[in-house]
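To start, the structure itself, in structure tokens.
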Amino acid sequence: MSVLVRAELAVMPGRAADAVELARKLARAAEDEAGTLRYEWFGSADDGALVVIEEYDSPEAAIQHNEHCADLLGRVGEVASLTRVDVHGDLDAALLAWIAGHPQARAHSPLAP
């Protein structure tokens, strides 16, 4: 089962262009990642919000993305604040630990048949 992530960010006033450029850099960096199936950014001009939809073939691939893009992800806080992250799938201990360390993150496990 893949891991699906939807993250929402509130862009700081006056930082929209910087946030969009950073999102584009992250998207380019994710293009060559093994295990990254989808990495798409969406914007809302009227309220300064950005949303990223990510899909990975495994929990390990999601963690590898965070490690591979650590420098770029570390710069996100300069231009936007992470307001919500929803992570869906069969999540391993490392991904659950990441979620536990981010109060705006929520884990969503598959329902039993």
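The chains in the structure tokens are called A, B, ... from first to last as shown; in each chain the residues are counted from 1, and the ligands are counted from 1 in the order shown.
Residues within 12 Å of segment 94-105 of chain A, counting only C-alpha atoms and excluding same-chain residues fewer than 6 positions away, are A:Val3, A:Leu4, A:Val5, A:Arg6, A:Ala7, A:Glu8, A:Leu9, A:Ser58, A:Pro59, A:Glu60, A:Ala61, A:Ala62, A:Ile63, A:Gln64, A:His65, A:Asn66, A:Glu67, A:Ser81, A:Leu82, A:Thr83, A:Arg84, A:Val85, A:Asp86, A:Val87, A:His88.
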Dump of N, CA and C atoms for the selected residues, as a short mmCIF file (atom, residue, chain, number, x, y, z; two decimals), in the first residue's frame:
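Written file, selection.cif:
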data_model
loop_
_atom_site.label_atom_id
_atom_site.label_comp_id
_atom_site.auth_asym_id
_atom_site.auth_seq_id
_atom_site.Cartn_x
_atom_site.Cartn_y
_atom_site.Cartn_z
N VAL A 3 1.78 5.36 0.48
CA VAL A 3 1.58 6.36 1.51
C VAL A 3 1.21 7.66 0.79
N LEU A 4 0.08 8.22 1.19
CA LEU A 4 -0.41 9.46 0.60
C LEU A 4 -0.33 10.56 1.64
N VAL A 5 0.24 11.70 1.26
CA VAL A 5 0.41 12.83 2.16
C VAL A 5 -0.25 14.05 1.52
N ARG A 6 -1.01 14.78 2.33
CA ARG A 6 -1.57 16.07 1.91
C ARG A 6 -1.19 17.08 2.98
N ALA A 7 -0.40 18.08 2.59
CA ALA A 7 0.06 19.09 3.54
C ALA A 7 -0.43 20.47 3.10
N GLU A 8 -0.86 21.26 4.07
CA GLU A 8 -1.32 22.62 3.82
C GLU A 8 -0.34 23.59 4.48
N LEU A 9 -0.05 24.68 3.76
CA LEU A 9 0.86 25.70 4.27
C LEU A 9 0.23 27.07 4.10
N SER A 58 6.15 3.49 -0.34
CA SER A 58 6.34 2.86 0.97
C SER A 58 6.59 3.95 2.01
N PRO A 59 6.42 3.61 3.29
CA PRO A 59 6.77 4.57 4.34
C PRO A 59 8.25 4.96 4.28
N GLU A 60 9.10 4.02 3.93
CA GLU A 60 10.53 4.31 3.84
C GLU A 60 10.82 5.38 2.79
N ALA A 61 10.09 5.32 1.67
CA ALA A 61 10.29 6.31 0.61
C ALA A 61 9.88 7.71 1.08
N ALA A 62 8.85 7.79 1.91
CA ALA A 62 8.43 9.09 2.45
C ALA A 62 9.52 9.67 3.35
N ILE A 63 10.10 8.84 4.19
CA ILE A 63 11.18 9.28 5.07
C ILE A 63 12.41 9.66 4.23
N GLN A 64 12.71 8.87 3.19
CA GLN A 64 13.85 9.18 2.33
C GLN A 64 13.67 10.53 1.64
N HIS A 65 12.43 10.85 1.26
CA HIS A 65 12.18 12.17 0.66
C HIS A 65 12.53 13.27 1.66
N ASN A 66 12.08 13.11 2.90
CA ASN A 66 12.37 14.13 3.92
C ASN A 66 13.87 14.29 4.13
N GLU A 67 14.60 13.19 4.07
CA GLU A 67 16.06 13.24 4.23
C GLU A 67 16.72 13.87 3.01
N SER A 81 4.09 28.70 6.99
CA SER A 81 3.95 27.84 8.16
C SER A 81 3.10 26.64 7.78
N LEU A 82 3.52 25.50 8.26
CA LEU A 82 2.80 24.25 8.02
C LEU A 82 1.58 24.23 8.93
N THR A 83 0.39 24.19 8.34
CA THR A 83 -0.82 24.26 9.15
C THR A 83 -1.47 22.90 9.37
N ARG A 84 -1.28 21.97 8.44
CA ARG A 84 -1.90 20.65 8.58
C ARG A 84 -1.19 19.67 7.65
N VAL A 85 -1.01 18.45 8.16
CA VAL A 85 -0.47 17.35 7.36
C VAL A 85 -1.30 16.11 7.67
N ASP A 86 -1.84 15.51 6.63
CA ASP A 86 -2.56 14.25 6.77
C ASP A 86 -1.78 13.18 6.04
N VAL A 87 -1.44 12.09 6.75
CA VAL A 87 -0.65 11.00 6.19
C VAL A 87 -1.51 9.74 6.23
N HIS A 88 -1.70 9.13 5.06
CA HIS A 88 -2.60 7.98 4.92
C HIS A 88 -1.81 6.76 4.47
#
- as a ChimeraX atom specification, which residues of chain A does DSSP assign to strand (DSSP E or B)? /A:3-11,36-44,49-56,80-88,105-108
- Message: I need the residue nearest Arg38 of chain A from this list: A:Leu26, A:Pro13, A:Arg75, A:Tyr56. Use only C-alpha atoms for the distance.
- Response: A:Tyr56
- Backbone-only DSSP, alpha helix (DSSP H) members of chain A, as a PyMOL selection string: chain A and resi 16-31+59-68+70-75+93-100
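Atom to atom, atom CA of His68 of chain A and atom CA of Ala16 of chain A stand 24.1 Å apart.
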- Query: Of the candidates A:Ala112, A:Ala30, A:Val76, A:Leu22, which shows the shortest atom-to-atom distance to Glu54 of chain A, using only C-alpha atoms?
  - Reply: A:Ala30
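The shortest atom-to-atom distance to Leu91 of chain A, with only C-alpha atoms taken into account, belongs to A:Ser2 out of A:Asp71, A:Leu37, A:Met12, A:Ser2.
As for atom CA of Ala80 of chain A and atom CA of Ala10 of chain A, they are spaced 5.3 Å apart.
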